[in-house]
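Participant: Below you'll find the structure I mean.
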Number of protein chains: 2
Amino acid sequence: MPSQSVNPRTGQPFGPVLEDTTIEELDAIVMRAVDASIAWANYPSDERARVLDAVAAALHADAEALAQIADEETGLGLPRLVGEVARTAFQLRMFADALRAGTHLGTVIDPPVAGDPPAGHPELRQMLLPLGPVAVYGASNFPFAFSVLGGDTASALAAGCTVVVKAHPSHPQTCERVAQIARAAIVQAGAPDGTFTIVRGFEAGVALVEHPGIKAGAFTGSTAGGRALFDLAVRRPEPIPFYGELGSVNPVVVTSEAAKRADLAQAYVASLCMGAGQFCTNPGLIFVPRESGLSNSIADLIATQPPGVLLNANVESNFGRHLADLVDIAGVRVIPSSSLADGGDGFTVSPAVLVTDVATALRDKRLLTTEVFGPVGVVVEYDGFAEVLTLIDALEGCLVSTIHAESDEEMVPALVSALMRVSGRIVWNGWPTGVAVTGAQHHGGPYPTATSALHTSVGTTAMRRFQRPVAFQSMPLHLLPPALQ
Amino acid sequence: MPSQSVNPRTGQPFGPVLEDTTIEELDAIVMRAVDASIAWANYPSDERARVLDAVAAALHADAEALAQIADEETGLGLPRLVGEVARTAFQLRMFADALRAGTHLGTVIDPPVAGDPPAGHPELRQMLLPLGPVAVYGASNFPFAFSVLGGDTASALAAGCTVVVKAHPSHPQTCERVAQIARAAIVQAGAPDGTFTIVRGFEAGVALVEHPGIKAGAFTGSTAGGRALFDLAVRRPEPIPFYGELGSVNPVVVTSEAAKRADLAQAYVASLCMGAGQFCTNPGLIFVPRESGLSNSIADLIATQPPGVLLNANVESNFGRHLADLVDIAGVRVIPSSSLADGGDGFTVSPAVLVTDVATALRDKRLLTTEVFGPVGVVVEYDGFAEVLTLIDALEGCLVSTIHAESDEEMVPALVSALMRVSGRIVWNGWPTGVAVTGAQHHGGPYPTATSALHTSVGTTAMRRFQRPVAFQSMPLHLLPPALQ
């Protein structure tokens, strides 16, 4: 099915109609990625760093024009999108810096030890090699930072893997333009033509993950879409790792002491509604002390929030369906009730909160596990700390959980322990939206928030997803890869 | 189906009949492993090290008696089995040492950086946590080092995961006795009762990997068995990582110069026939220069080798079937032809080589991809280096490849490059059997030799298979896990 841009503020299509990549074209593209993969893997790390820097510079130079196209396709607004281009370039440069530092090769050298085994052994030297061509499936909600040149592509290229990106149909022109910039910069920097390519269309996306030339996949998006691709990846004759960063319901726990803070309700609503609630780290679930009255403050504020524009028709229909599912549960109050009406032009919807109690949430766990992707939060009023622990036990894996508390409150250590078991990241007295691009970051978590809890999709260690070890036993120095000599 | 020991030298059953674990019992056992997992995860690293050392000491103290039982069940011989107990204890102590060193926690600390994103960010501290209860499926060919207390169990316990082992039906009494020793030592050292348990039976093994309380699986054994368990693991509602170390055809390349070495044929045959060829690193495929006459030397020697005893009836029947498949290929000579007759008492078989040429091997790639688990090698005679590269291109992933060459031969760098693409380890002028237990070791490789090319099952980094990252953002010091404070 050919793709065309749609303005989410109006629902109207615009711009060129882009044809899908045919299966024959896809095969040729993957074979080019396979051919290029040996040369790219053999690029010295500092040469790969130079190419990533060149791509970052080219992207940065075109930031304003790119943000303009992306805004028309996503409705996310120019300031946010200009910032997102900067973040994307920053991320490419972070991987370039990591390549120059050299620790990504994981070199380990064991000199020989004389004597019988198990203590005695020959010399062994180990390092990490690139896995081979990687398929990347970008997200609709970050048209730069988690799309064509996002963290998955940047980390795979940095690891020495060639990349084939499946363009997101929700921002096709942005994808095309970013891909052109990247391809031009990569080829100009001297890298092989097959190092980076883009394909379009659902069928090409399926054929991509099933292609024997592809050695790993990475995805950011819905649980349903990610699980379907994961299933294809692991059912291949040669199964491949598939790193899906899927949906997430990110809990916030507010203690009695923190509930007294004057700005808490306002800060929560701001985080919940930022970007029309379309962050994978959106704090869509909050546990508040019933006696604090915090749920009333949140409810009062949510009713004053302007409508938000969702990314596309699919996001809007899922939003309506998931919201309707939760609203139908007995014991749930919707505030404001007017939020259930059609929000207006295009894919516009109204922010809302669903207020409920612990018994209701435990009786119908959809309240704790359904991600309503958009500006909607579930507020659970609790009585006492034991109820909070019971709620946490009922949660599924999440990207990030948040604690608002005073550090000397008695229950806090147990709260941290309980949240560690379900979360990839824990935020203290802050908000989960906004994922810093830095070495200690972890963006991932236990299933269903990721198909592999072992790895992160943000931060320098994201490269490790696309590397495999090789050990050399008693090899003469001059025959070893340079990093091991 | 109840299990009973069988003496492979006679084919006769002996000893107690052991009933399978029922599904109800299995569920109770996994739930105990789940209950214990929080306490075990919270054990400080040096306390876990103390428990592993205690288990190693208890195992070592019983080495002679254990080897005696295992010899009756496996026919592997007392000297080898006493050495294997020592290796298994050494491995437990290696992980204990790694725990005391502390680097396994992968701590990363990023101080806060002032300013706007993307450069500015809050404080982030990351470390690795245990995944949760692990299911371990041991191998028949290493009744100690890759069985109940083998590398998978040792690395999972070290990582802070509780373990449920599925006993191997080929050495049931050895499994029982090792498990008793381990359980007694673990409980005496103060660890919770559910930290380590063993179950028996095929159905219990299937239910184990499907149990929602299990968070990862590890397996050493056949490609068919490992893939079946992998498929169960990834098709669960919550898919889990499954580390199968499966079959492997490990190529040896001999150059013209190396073929002149007087002892080469003898050393090859010794490695091929060691332990009746029942090593996953067995060099079952060798490429030799036709003009060197090396294949004749190997053929002459193989005919003088004594018969070997295979581990069990299943291994014997697979050996016969795979050998028959390859023998039937036109263009393959079997030496000695008498090796095809029944080898004698019990599961005894005769060593053999199948000699063929490059054209035949490329026409019927089963010659390059079939693991005949036992003392049988495929010898491919080549003319010129181009043929060697073509053969390597036709290989599947392997644990280890071996080069016999002079270091200044012209083709050697290209040979190393080609073998790196298919191998987990490359041995220079040595033999692949014998896997050193050390930090730089890599035991794994591209599929089908492992279900995850990213990880090793031998060496300290084997722990990383059972860990997941968690990041703490702006958390007060006293609320962080001790390693991050």
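Labels for the structure tokens follow display order: chains A, B, ..., residues from 1 in each chain, ligands from 1.
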Need to verify the contact set: region 81-91 of chain A, 10 Å, only C-alpha atoms, exclusion of same-chain residues closer than 6 positions in sequence. Can you return it as a VMD selection string?
Facilitator: (chain A and resid 52 to 71 74 to 75 97 142 to 147 149 to 151 154 to 155 436 to 438 458 to 460) or (chain B and resid 117 to 119)
Participant: Would you list the contacts of Met463 (chain A) as a PyMOL selection string, taking every protein, DNA or RNA residue within 7 Å and counting only C-alpha atoms, but skipping same-chain residues closer than 4 positions in sequence?
Facilitator: chain A and resi 155-156+158-159
Participant: Next, dump the selected residues to file, keeping only N, CA and C atoms, as a PDB file, in the first residue's frame.
Facilitator:
ATOM      1  N   SER A 155      23.495   2.925  17.072  1.00  0.00           N
ATOM      2  CA  SER A 155      24.269   1.928  17.824  1.00  0.00           C
ATOM      3  C   SER A 155      24.669   0.761  16.929  1.00  0.00           C
ATOM      4  N   ALA A 156      23.809   0.397  15.976  1.00  0.00           N
ATOM      5  CA  ALA A 156      24.164  -0.707  15.071  1.00  0.00           C
ATOM      6  C   ALA A 156      25.307  -0.292  14.143  1.00  0.00           C
ATOM      7  N   ALA A 158      27.508   2.001  14.760  1.00  0.00           N
ATOM      8  CA  ALA A 158      28.702   2.132  15.599  1.00  0.00           C
ATOM      9  C   ALA A 158      29.311   0.759  15.887  1.00  0.00           C
ATOM     10  N   ALA A 159      28.453  -0.238  16.092  1.00  0.00           N
ATOM     11  CA  ALA A 159      28.945  -1.587  16.381  1.00  0.00           C
ATOM     12  C   ALA A 159      29.619  -2.217  15.163  1.00  0.00           C
TER      13      ALA A 159
END
Participant: Taking into account only C-alpha atoms, which residue in the set B:Arg50, B:Gly201, B:Gly11, B:Ser271 is nearest to Ile186 (chain B)?
Facilitator: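 Residue with the minimum atom-to-atom distance to Ile186 (chain B): B:Arg50.
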Participant: Using only C-alpha atoms, find which residues of chain A lie within 7 Å of chain B and jot them down as a ChimeraX atom specification.
Facilitator: /A:87,90,108-110,118,121,124-126,238,413,424-428,436-437,439-442,447,453-455,467-475,479
Participant: Running DSSP on the backbone, which parts of region 217-281 of chain B land in alpha helix (DSSP H), as a VMD selection string?
Facilitator: chain B and resid 223 to 235 264 to 273
Participant: Identify all residues of region 94-340 of chain A in strand (DSSP E or B) (DSSP on the backbone) and supply them as a ChimeraX atom specification.
Facilitator: /A:108-110,113,121,124-130,134-137,163-166,196-199,216-220,242-245,251-254,285-289,308-309,333-335
Participant: Any chance you can output those residues with N, CA and C atoms as a compact mmCIF listing (two decimals), in the first residue's frame?
Facilitator:
# COMPACT_ATOMS: atom_id res chain seq x y z
N VAL A 108 39.56 -8.73 26.19
CA VAL A 108 40.05 -9.41 27.40
C VAL A 108 41.24 -10.24 26.96
N ILE A 109 42.35 -10.12 27.65
CA ILE A 109 43.55 -10.88 27.30
C ILE A 109 43.99 -11.70 28.50
N ASP A 110 44.03 -13.01 28.34
CA ASP A 110 44.52 -13.92 29.38
C ASP A 110 45.84 -14.51 28.93
N VAL A 113 48.92 -19.79 31.18
CA VAL A 113 49.28 -20.22 32.53
C VAL A 113 49.82 -21.64 32.42
N HIS A 121 46.38 -23.10 31.27
CA HIS A 121 45.65 -22.91 30.01
C HIS A 121 46.50 -22.16 29.01
N LEU A 124 44.62 -16.83 25.69
CA LEU A 124 43.34 -16.55 25.05
C LEU A 124 43.13 -15.05 24.99
N ARG A 125 42.66 -14.58 23.86
CA ARG A 125 42.35 -13.15 23.69
C ARG A 125 40.96 -13.06 23.09
N GLN A 126 40.12 -12.25 23.72
CA GLN A 126 38.74 -12.14 23.27
C GLN A 126 38.39 -10.71 22.89
N MET A 127 37.53 -10.57 21.88
CA MET A 127 36.96 -9.26 21.56
C MET A 127 35.56 -9.45 20.98
N LEU A 128 34.87 -8.33 20.81
CA LEU A 128 33.52 -8.38 20.24
C LEU A 128 33.55 -7.99 18.77
N LEU A 129 32.81 -8.75 17.95
CA LEU A 129 32.69 -8.48 16.52
C LEU A 129 31.26 -8.05 16.21
N PRO A 130 31.08 -7.29 15.12
CA PRO A 130 29.70 -6.98 14.71
C PRO A 130 28.94 -8.24 14.27
N VAL A 134 21.64 -5.34 10.24
CA VAL A 134 20.58 -5.16 11.23
C VAL A 134 19.37 -4.49 10.58
N ALA A 135 18.18 -5.00 10.91
CA ALA A 135 16.92 -4.38 10.47
C ALA A 135 16.41 -3.48 11.58
N VAL A 136 16.10 -2.23 11.26
CA VAL A 136 15.62 -1.26 12.26
C VAL A 136 14.21 -0.80 11.89
N TYR A 137 13.32 -0.88 12.88
CA TYR A 137 11.94 -0.43 12.72
C TYR A 137 11.72 0.74 13.68
N VAL A 163 22.97 -1.38 8.13
CA VAL A 163 21.60 -1.20 8.61
C VAL A 163 20.63 -1.03 7.44
N VAL A 164 19.51 -1.73 7.53
CA VAL A 164 18.38 -1.50 6.64
C VAL A 164 17.22 -1.04 7.51
N VAL A 165 16.75 0.21 7.27
CA VAL A 165 15.65 0.77 8.07
C VAL A 165 14.33 0.58 7.34
N LYS A 166 13.32 0.16 8.07
CA LYS A 166 11.95 0.18 7.54
C LYS A 166 11.35 1.54 7.91
N PHE A 196 23.98 1.69 4.67
CA PHE A 196 22.73 2.19 5.22
C PHE A 196 21.72 2.34 4.11
N THR A 197 20.53 1.75 4.26
CA THR A 197 19.48 1.84 3.25
C THR A 197 18.13 1.92 3.94
N ILE A 198 17.13 2.39 3.21
CA ILE A 198 15.79 2.47 3.77
C ILE A 198 14.82 1.75 2.84
N VAL A 199 13.82 1.10 3.42
CA VAL A 199 12.77 0.45 2.64
C VAL A 199 11.41 0.90 3.15
N ALA A 216 20.04 -9.34 13.02
CA ALA A 216 19.41 -8.85 14.25
C ALA A 216 18.35 -7.83 13.85
N GLY A 217 17.38 -7.62 14.74
CA GLY A 217 16.34 -6.62 14.49
C GLY A 217 16.18 -5.74 15.72
N ALA A 218 15.76 -4.48 15.48
CA ALA A 218 15.49 -3.56 16.58
C ALA A 218 14.24 -2.78 16.24
N PHE A 219 13.41 -2.55 17.23
CA PHE A 219 12.08 -2.00 17.00
C PHE A 219 11.70 -1.12 18.17
N THR A 220 11.04 -0.01 17.91
CA THR A 220 10.41 0.77 18.96
C THR A 220 8.98 1.02 18.55
N PHE A 242 16.04 -10.10 18.56
CA PHE A 242 15.13 -9.02 18.16
C PHE A 242 14.86 -8.17 19.39
N TYR A 243 15.29 -6.92 19.32
CA TYR A 243 15.19 -6.01 20.45
C TYR A 243 13.99 -5.11 20.27
N GLY A 244 12.85 -5.53 20.79
CA GLY A 244 11.65 -4.71 20.72
C GLY A 244 11.53 -3.87 21.98
N GLU A 245 11.41 -2.58 21.81
CA GLU A 245 11.08 -1.71 22.94
C GLU A 245 9.61 -1.39 22.76
N PRO A 251 4.46 3.44 36.33
CA PRO A 251 3.78 3.86 37.56
C PRO A 251 4.52 4.98 38.29
N VAL A 252 3.75 5.81 38.94
CA VAL A 252 4.27 6.84 39.84
C VAL A 252 3.68 6.57 41.21
N VAL A 253 4.51 6.52 42.24
CA VAL A 253 4.01 6.33 43.60
C VAL A 253 4.26 7.62 44.37
N VAL A 254 3.19 8.15 44.95
CA VAL A 254 3.30 9.37 45.76
C VAL A 254 3.00 8.99 47.21
N LEU A 285 0.09 6.05 35.05
CA LEU A 285 -0.51 5.38 36.21
C LEU A 285 0.08 6.01 37.46
N ILE A 286 -0.78 6.49 38.36
CA ILE A 286 -0.24 7.13 39.58
C ILE A 286 -1.01 6.63 40.79
N PHE A 287 -0.27 6.29 41.83
CA PHE A 287 -0.86 5.82 43.08
C PHE A 287 -0.76 6.97 44.09
N VAL A 288 -1.91 7.44 44.57
CA VAL A 288 -1.91 8.59 45.48
C VAL A 288 -2.64 8.23 46.77
N PRO A 289 -2.21 8.84 47.90
CA PRO A 289 -2.91 8.57 49.17
C PRO A 289 -4.33 9.16 49.08
N GLY A 308 -4.98 17.70 22.76
CA GLY A 308 -3.70 17.35 22.15
C GLY A 308 -3.94 16.67 20.81
N VAL A 309 -2.94 16.77 19.94
CA VAL A 309 -3.06 16.16 18.61
C VAL A 309 -2.29 14.84 18.60
N ARG A 333 -14.11 6.55 37.67
CA ARG A 333 -14.68 7.86 37.32
C ARG A 333 -13.81 8.53 36.25
N VAL A 334 -14.45 9.06 35.21
CA VAL A 334 -13.71 9.75 34.14
C VAL A 334 -13.81 11.25 34.36
N ILE A 335 -12.66 11.90 34.35
CA ILE A 335 -12.64 13.36 34.57
C ILE A 335 -11.76 14.02 33.52
Participant: Please provide the set of residues having any atom within 10 Å of Leu310 (chain B), restricted to only C-alpha atoms, with same-chain residues fewer than 5 positions apart removed, written as a ChimeraX atom specification.
Facilitator: /B:8-9,74-76,141,275-278,315-317,319,346-349,373-375
Participant: Can you pull out the residues contacting Asp364 (chain A)? Cut-off 12 Å, using only C-alpha atoms, and skip same-chain residues under 4 positions away; I want them as a short mmCIF file (atom, residue, chain, number, x, y, z; two decimals) with C-alpha atoms, in the first residue's frame.
Facilitator:
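After the write, out.cif holds the following:
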data_model
loop_
_atom_site.label_atom_id
_atom_site.label_comp_id
_atom_site.auth_asym_id
_atom_site.auth_seq_id
_atom_site.Cartn_x
_atom_site.Cartn_y
_atom_site.Cartn_z
CA ASP A 325 -12.27 -0.38 27.71
CA LEU A 326 -11.17 1.26 30.96
CA VAL A 327 -14.08 3.68 31.23
CA ASP A 328 -16.49 0.74 31.08
CA ILE A 329 -15.07 -0.80 34.26
CA ALA A 330 -17.40 -0.34 37.23
CA GLY A 331 -15.76 1.81 39.90
CA VAL A 332 -13.90 4.13 37.50
CA THR A 356 -10.37 4.53 40.87
CA ASP A 357 -9.57 2.63 44.07
CA VAL A 358 -7.27 -0.27 44.90
CA ALA A 359 -9.99 -2.91 45.03
CA THR A 360 -11.20 -1.99 41.54
CA LEU A 368 -2.82 -1.44 35.79
CA THR A 369 -1.64 -2.94 32.49
CA THR A 370 -3.35 -1.06 29.64
CA LEU A 391 -0.53 -2.82 43.46
CA ALA A 394 0.17 -6.71 40.08
CA LEU A 395 2.15 -4.60 37.59
#
